[in-house]
Amino acid sequence: MMNLDGLEMIAVLVVMGLFIKVLEQFGLFEPVGGEDSIEDDFELSTVCHRPEGLEKLQEQTKFTKKELQVLYRGFKNECPSGVVNEDTFKVIYSQFFPQGDSSTYAHFLFEAFDTNKNGSVSFEDFVIGLSIILRGTINDRLNWAFNLYDLNKDGCITKEEMLDIMKSIYDMMGKYTYPCMQEDAPREHVETFFQKMDRNNDGVVTIDEFIESCQKDENIMQSMQLFDNVI
Amino acid sequence: MATGVAAWLPFARAAAIGWMPVANCPMPPAPREHSKKQDELIILNVSGRRFQTWRTTLDRYPDTLLGSTEKEFFYNEETKEYFFDRDPDAFRSVLNFYRTGKLHYPRYECISAFDEELAFFGIIPEIIGDCCYEEYKDRKRENAERLMDDQEENKDSKLPNMNFRETMWRAFENPHTSTMALVFYYVTGFFIAVSVITNVVETVPCGSTPNQKDVPCGERYTVAFFCMDTACVMIFTVEYLLRLFAAPSRYRFMRSVMSIIDVVAILPYYIGLVMTNNEDVSGAFVTLRVFRVFRIFKFSRHSQGLRILGYTLKSCASELGFLLFSLTMAIIIFATVMFYAEKGSSSSKFTSIPASFWYTIVTMTTLGYGDMVPKTIAGKIFGSICSLSGVLVIALPVPVIVSNFSRIYHQNQRADKRRAQKKARLARIRIAKKGSSNAYLQSKRNGLLNELLDLTGSEEEEQHMNKTSSLLESQHHHLLHCLEKTTAHEFVDEQLFEQNCIEGAQFSRSPSLSSQEGFTGTCCTHRSRKRIPLPNASLSTTHTHTHTQGLQELSAIHIQCGDQPSLSTSSRSSLNMKSSERSRINCRGQQITTAVISLPSPTNFPPDGDGHSPANPIPAPPTINTTTSSNIVKVSAL
């Protein structure tokens with residue numbers, strides 16, 4: 001065998017490495033590790049969802065045919081694939097609140113609209129949700145709002161949940177407010193809320209407490225009907 | 001708020017219900033929708049092609065034409081649609097912007113046409129989507145460069161009053177402007193060539209005397225070469241000093257590259273004169289002679305290609321820098337490796353790493369002189385890797401430089417081509433323009449002739465005349481006529497004007513007014529219809545209503561029997577018909593009298609825009625001459 005010095009050893013190793021690379025190019029030598037991860041991504045984006053017929057939606061919601069048509073046109077324009085995923089949802093919602101960060105509140109909204117918890121909001125979910133908010137009874141609307149606040153959907157709103165919601169709402173205001181936004185503004189607001197809503201002072205607000213307290217408050221009752229003729 | 005998502009505003013408002021139970025204060029009342037009209041289809045008729053869209057689609061962008069009430073100006077009541085007299089193809093992009101929220105730039109469209117459409121519809125081009133924005137910007141820049149080139153050429157035209165210094169500078173910069181400049185250009189070129197050849201021949205071994213070895217020609221014919229060198233340097237010095245004198249900004253000239261080259265070219269000679277026969281600095285003296293070769297760079301004034309090359313290298317500085325840097329890195333790496341690989345072998349030429357640099361450079365540029373060769377196995381392996389990588393490293397930045405050069409070169413070609421086409425193009429445009437001005441003059445003549453014909457009472461010819469000009473033309477002519485009346489001057493065409501000027505010059509020498517020649521007075525009116533208010537303009541009062549002779553006003557009609565040289569017949573109106581009329585009128589020449597007015601030229605007049613020769617002051621007072629002539633009826637106008 002040849003007497004190989006250190007440098008010569010390195011040289012030989014380099015040559016061998018290059019040789020292996022050349023073999024790879026010719027396809028004679030498959031390295032470990034697959035390369036099929038790229039093609040999978042293409043399949044997700046071509047999924048298209050079509051809503052059920054117009055009549056069925058009319059039964060499920062309280063919108064007229066024309067209103068459904070207008071809603072669908074706007075929906076399809078923004079989401080041609082027929083479903084909204086959370087990122088698109090956040091992007092759309094953030095266009096309305098340019099100063100602040102509306103992504104958290106949009107996330108909560110998304111959770112509220114996505115009734116079947118599959119990570120995407122289809123047109124049916126969208127329109128059913130809107131129907132409750134805009135055409136439902138006051139109780140329906142209060143129920144929907146409670147559902148929005150109850151993040152883990154366990155039937156009661158804890159202080160932490162409320163704090164999250166409150167923070168997300170305050171985040172939408174952004175930095176430049178008058179008067180200056182204090183750090184504990186959300187917390188104080190939560191305290192006020194709980195004082196008003198929590199009848200039995202057990203630290204959580206249940207659905208009945210919520211509806212009862214809201215019905216007693218004139219302001220809330222009036223504001224619930226503010227968006228009656230949005231569509 | 002991005003109005004592109006205006007469709008989702010109802011949703012956002014509905015989602016606000018989540019704030020209601022939380023709020024402590026009452027909410028403001030919602031805005032009422034006054035007219036809850038259903039969404040309707042709007043028809044947009046663009047040059048016959050009908051586009052339909054929802055009204056709310058257009059309302060998405062209220063600061064554009066289609067989104068605001070501005071479109072009501074285009075509303076057609078009978079057909080109940082909005083009519084736009086624009087390009088339907090470009091309108092597609094505009095409407096798609098409303099539909100999708102993204103504005104695209106169609107590549108087949110001309111950039112300025114597209115810009116105009118956007119400007120018409122009130123859309124700013126900056127919102128073109130990312131997919132098309134780069135292309136749009138590139139085309140726009142190219143177009144701007146093209147327009148800039150055209151403007152730069154206009155600067156070449158001679159300015160009216162250039163003093164000697166400016167003329168000289170212009171002669172230096174553009175040798176084609178005058179013969180002297182061309183001569184100077186060629187002379188300097190010749191002397192540069194002579195100087196360079198002298199430098200080269202100086203070192204060639206000439207024949208030798210029997211005892212001595214070959215001596216270079218420079219040492220054999222010292223005097224001759226010295227004289228030639230002196231002559232060249234004289235010329236160069238004179239040229240440099242002249243340029244320095246003529247330069248508009250001496251400081252900027254002295255800083256420019258060409259002037260530095262000039263200085264470097266002539267300095268060695270003077271320095272050599274000063275330090276003759278000083279043994280200590282003879283080494284430096286030799287260095288100075290090297291600098292004489294820089295004279296060859298003076299050729300770049302004479303060669304466009306050299307300049308382009310220099311400009312390319314300058315603009316590719318970053319690529320060149322990258323090439324240099326990567327080469328340096330590779331050289332150091334391989335030199336180190338080769339040095340250590342060859343350290344073991346005996347009588348190795350790789351004595352140090354810097355010594356290995358030479359081997360690495362020669363190998364990487366695939367020169368391979370063979371004066372340094374590795375002998376060990378490791379050295380050979382690494383040497384081959386070195387040469388392979390050298391090819392790669394050098395080949396990578398080169399295409400970028402080449403494409404840069406190609407772009408600049410083509411741009412230059414384009415500029416030259418445009419310059420060549422320009423003359424023909426301008427000539428055609430000028431002819432077309434003259435057509436419309438001649439149409440006006442023709443119609444004036446028709447007006448005159450109409451009056452004449454009134455007198456002579458031939459009806460059908462009159463009607464024939466009147467029908468030939470359209471309503472638009474007649475309104476335009478009426479406008480020009482009003483302008484004439486306002487300023488008390490009249491339009492006239494080029495040749496007539498020049499003739500009159502010449503005659504004006506002639507007239508100033510012979511004060512008698514010949515009956516043959518009408519005289520028009522001042523020649524300082526512009527050819528291009530600019531008006532100089534003459535101080536003694538009493539034209540307005542000189543409507544020579546010589547009813548007996550049937551002439552109404554002063555206008556310049558040059559009617560000659562036979563040919564009509566001064567009236568070009570390129571106007572669109574049927575001049576052929578008129579020429580026959582003219583000739584017929586000439587037969588009745590006895591009855592036609594013309595009034596001619598002559599005005600004194602103003603004592604000071606503004607300089608002509610096109611370098612027209614100044615008129616001669618005419619001392620005659622305003623006179624009105626009436627001439628009758630049989631041959632030449634010349635009524636001159638100003």
# chains A, B, ... in the order shown; residues from 1 in each chain; ligands from 1
call {"tool": "closest_atom_pairs", "arguments": {"of": "chain B", "to": "chain A", "cutoff": "9 Å", "atoms": "only C-alpha atoms", "output": "tab-separated table"}}
result
residue	atom	partner	partner_atom	distance
B:Met1	CA	A:Phe96	CA	5.7
B:Ala2	CA	A:Gln95	CA	6.1
B:Thr3	CA	A:Gln95	CA	8.9
B:Gly4	CA	A:Glu78	CA	9.0
B:Val5	CA	A:Ile92	CA	7.0
B:Ala6	CA	A:Gly74	CA	8.5
B:Ala7	CA	A:Gly74	CA	5.0
B:Trp8	CA	A:Gly74	CA	6.7
B:Leu9	CA	A:Phe96	CA	7.9
B:Pro10	CA	A:Val230	CA	5.7
B:Phe11	CA	A:Leu130	CA	7.2
B:Ala12	CA	A:Tyr93	CA	7.0
B:Arg13	CA	A:Phe227	CA	7.1
B:Ala14	CA	A:Ile133	CA	6.4
B:Ala15	CA	A:Leu109	CA	7.4
B:Ala16	CA	A:Phe227	CA	8.7
B:Ile17	CA	A:Met224	CA	6.7
B:Gly18	CA	A:Ala145	CA	5.5
B:Trp19	CA	A:Ile169	CA	7.8
B:Met20	CA	A:Ile220	CA	6.1
B:Pro21	CA	A:Ile220	CA	5.7
B:Val22	CA	A:Phe193	CA	6.6
B:Ala23	CA	A:Ile220	CA	7.8
B:Asn24	CA	A:Asn219	CA	8.1
B:Cys25	CA	A:Asn219	CA	7.1
B:Pro26	CA	A:Asn219	CA	5.3
B:Met27	CA	A:Ser223	CA	6.1
B:Pro28	CA	A:Ser223	CA	8.6
B:Pro29	CA	A:Leu226	CA	7.1
B:Ala30	CA	A:Leu226	CA	6.4
B:Arg32	CA	A:Asn229	CA	8.8
B:Glu33	CA	A:Asn229	CA	8.8
B:Gln38	CA	A:Lys66	CA	8.7
B:Asp39	CA	A:Val70	CA	8.2
B:Arg99	CA	A:Asn77	CA	8.3
B:Thr100	CA	A:Asn77	CA	7.4
B:Val337	CA	A:Leu7	CA	8.8
B:Tyr340	CA	A:Leu7	CA	8.1
B:Ala341	CA	A:Leu7	CA	6.5
B:Thr376	CA	A:Glu8	CA	8.8
B:Ile377	CA	A:Glu8	CA	7.0
B:Ala378	CA	A:Glu8	CA	4.8
B:Gly379	CA	A:Glu8	CA	8.3
B:Ile381	CA	A:Ala11	CA	6.5
B:Phe382	CA	A:Ala11	CA	6.9
call {"tool": "residues_around", "arguments": {"residues": "Asp198 (chain A)", "least_positions_apart": "5", "cutoff": "8 Å", "atoms": "only C-alpha atoms", "output": "list of chain:residue names"}}
result
A:Gly203, A:Val204, A:Val205, A:Glu209, A:Phe210
call {"tool": "write_last_selection", "arguments": {"atoms": "N, CA, C and O atoms", "output": "mmCIF file, in the first residue's frame"}}
result
data_model
loop_
_atom_site.group_PDB
_atom_site.id
_atom_site.type_symbol
_atom_site.label_atom_id
_atom_site.label_comp_id
_atom_site.auth_asym_id
_atom_site.auth_seq_id
_atom_site.Cartn_x
_atom_site.Cartn_y
_atom_site.Cartn_z
ATOM 1 N N GLY A 203 -66.692 33.718 40.483
ATOM 2 C CA GLY A 203 -65.506 33.868 39.653
ATOM 3 C C GLY A 203 -65.715 33.482 38.211
ATOM 4 O O GLY A 203 -64.827 33.668 37.385
ATOM 5 N N VAL A 204 -66.867 32.874 37.872
ATOM 6 C CA VAL A 204 -67.152 32.552 36.480
ATOM 7 C C VAL A 204 -68.528 33.096 36.135
ATOM 8 O O VAL A 204 -69.365 33.305 37.015
ATOM 9 N N VAL A 205 -68.721 33.302 34.862
ATOM 10 C CA VAL A 205 -70.015 33.773 34.380
ATOM 11 C C VAL A 205 -70.632 32.654 33.547
ATOM 12 O O VAL A 205 -70.049 32.213 32.565
ATOM 13 N N GLU A 209 -76.428 33.599 33.824
ATOM 14 C CA GLU A 209 -76.039 34.872 34.433
ATOM 15 C C GLU A 209 -75.825 35.917 33.338
ATOM 16 O O GLU A 209 -76.266 37.069 33.458
ATOM 17 N N PHE A 210 -75.160 35.470 32.295
ATOM 18 C CA PHE A 210 -74.813 36.402 31.224
ATOM 19 C C PHE A 210 -76.072 36.983 30.586
ATOM 20 O O PHE A 210 -76.221 38.215 30.467
#
call {"tool": "select_by_dssp", "arguments": {"residues": "region 84-229 of chain A", "states": "alpha helix (DSSP H)", "output": "MDAnalysis selection string"}}
result
chainID A and resid 86:94 103:113 123:135 138:149 159:171 185:197 207:216 218:224
call {"tool": "residues_around", "arguments": {"residues": "Val293 (chain B)", "least_positions_apart": "3", "cutoff": "12 Å", "atoms": "only C-alpha atoms", "output": "PyMOL selection string"}}
result
chain B and resi 192-200+261-262+264-269+287-290+296-299
call {"tool": "select_by_dssp", "arguments": {"residues": "region 108-188 of chain A", "states": "strand (DSSP E)", "output": "ChimeraX atom specification"}}
result
/A:120-122,156-158
call {"tool": "write_last_selection", "arguments": {"atoms": "N, CA and C atoms", "output": "PDB file, in the first residue's frame"}}
result
ATOM      1  N   SER A 120     -61.358  25.502   8.894  1.00  0.00           N
ATOM      2  CA  SER A 120     -61.692  26.408   7.798  1.00  0.00           C
ATOM      3  C   SER A 120     -63.175  26.756   7.898  1.00  0.00           C
ATOM      4  N   VAL A 121     -63.455  27.951   7.476  1.00  0.00           N
ATOM      5  CA  VAL A 121     -64.833  28.437   7.517  1.00  0.00           C
ATOM      6  C   VAL A 121     -65.394  28.378   6.112  1.00  0.00           C
ATOM      7  N   SER A 122     -66.415  27.570   5.925  1.00  0.00           N
ATOM      8  CA  SER A 122     -67.023  27.507   4.605  1.00  0.00           C
ATOM      9  C   SER A 122     -68.117  28.552   4.523  1.00  0.00           C
ATOM     10  N   CYS A 156     -68.853  28.196  30.678  1.00  0.00           N
ATOM     11  CA  CYS A 156     -68.704  29.351  31.557  1.00  0.00           C
ATOM     12  C   CYS A 156     -67.461  30.136  31.187  1.00  0.00           C
ATOM     13  N   ILE A 157     -67.563  31.401  31.451  1.00  0.00           N
ATOM     14  CA  ILE A 157     -66.450  32.308  31.113  1.00  0.00           C
ATOM     15  C   ILE A 157     -65.656  32.576  32.372  1.00  0.00           C
ATOM     16  N   THR A 158     -64.385  32.218  32.325  1.00  0.00           N
ATOM     17  CA  THR A 158     -63.538  32.532  33.461  1.00  0.00           C
ATOM     18  C   THR A 158     -62.905  33.893  33.265  1.00  0.00           C
TER      19      THR A 158
END
call {"tool": "atom_distance", "arguments": {"atom1": "CA of Thr64 (chain B)", "atom2": "CA of Ile123 (chain B)"}}
result
6.0 Å
call {"tool": "atom_distance", "arguments": {"atom1": "CA of Phe405 (chain B)", "atom2": "CA of Ile308 (chain B)"}}
result
7.7 Å
call {"tool": "residues_around", "arguments": {"residues": "Arg165 (chain B)", "least_positions_apart": "5", "cutoff": "12 Å", "atoms": "only C-alpha atoms", "output": "list in words"}}
result
Arg170, Ala171, Phe172, Leu242, Arg243, Leu244, Phe245, Ala246, Ala247, Pro248 and Ser249 of chain B
call {"tool": "residues_around", "arguments": {"residues": "Pro399 (chain B)", "least_positions_apart": "6", "cutoff": "12 Å", "atoms": "only C-alpha atoms", "output": "list in words"}}
result
Cys316, Glu319, Leu320, Leu323, Val393, Phe405 and Ser406 of chain B
call {"tool": "write_last_selection", "arguments": {"atoms": "C-alpha atoms", "output": "PDB file, in the first residue's frame"}}
result
ATOM      1  CA  CYS B 316     -20.124  46.707 -13.970  1.00  0.00           C
ATOM      2  CA  GLU B 319     -19.465  42.446 -10.794  1.00  0.00           C
ATOM      3  CA  LEU B 320     -15.808  43.068 -11.432  1.00  0.00           C
ATOM      4  CA  LEU B 323     -14.874  38.522  -9.572  1.00  0.00           C
ATOM      5  CA  VAL B 393     -14.932  31.197 -10.885  1.00  0.00           C
ATOM      6  CA  PHE B 405     -22.010  45.788 -22.486  1.00  0.00           C
ATOM      7  CA  SER B 406     -24.540  44.467 -24.948  1.00  0.00           C
TER       8      SER B 406
END
call {"tool": "residues_around", "arguments": {"residues": "Pro125 (chain B)", "least_positions_apart": "3", "cutoff": "8 Å", "atoms": "only C-alpha atoms", "output": "list in words"}}
result
Asp115, Leu118 and Ile128 of chain B
call {"tool": "closest_residue", "arguments": {"among": "B:Lys375, B:Gly218, B:Lys102, B:Phe350", "to": "Tyr133 (chain B)", "atoms": "only C-alpha atoms"}}
result
B:Lys102
call {"tool": "atom_distance", "arguments": {"atom1": "CA of Trp54 (chain B)", "atom2": "CA of Phe74 (chain B)"}}
result
17.2 Å
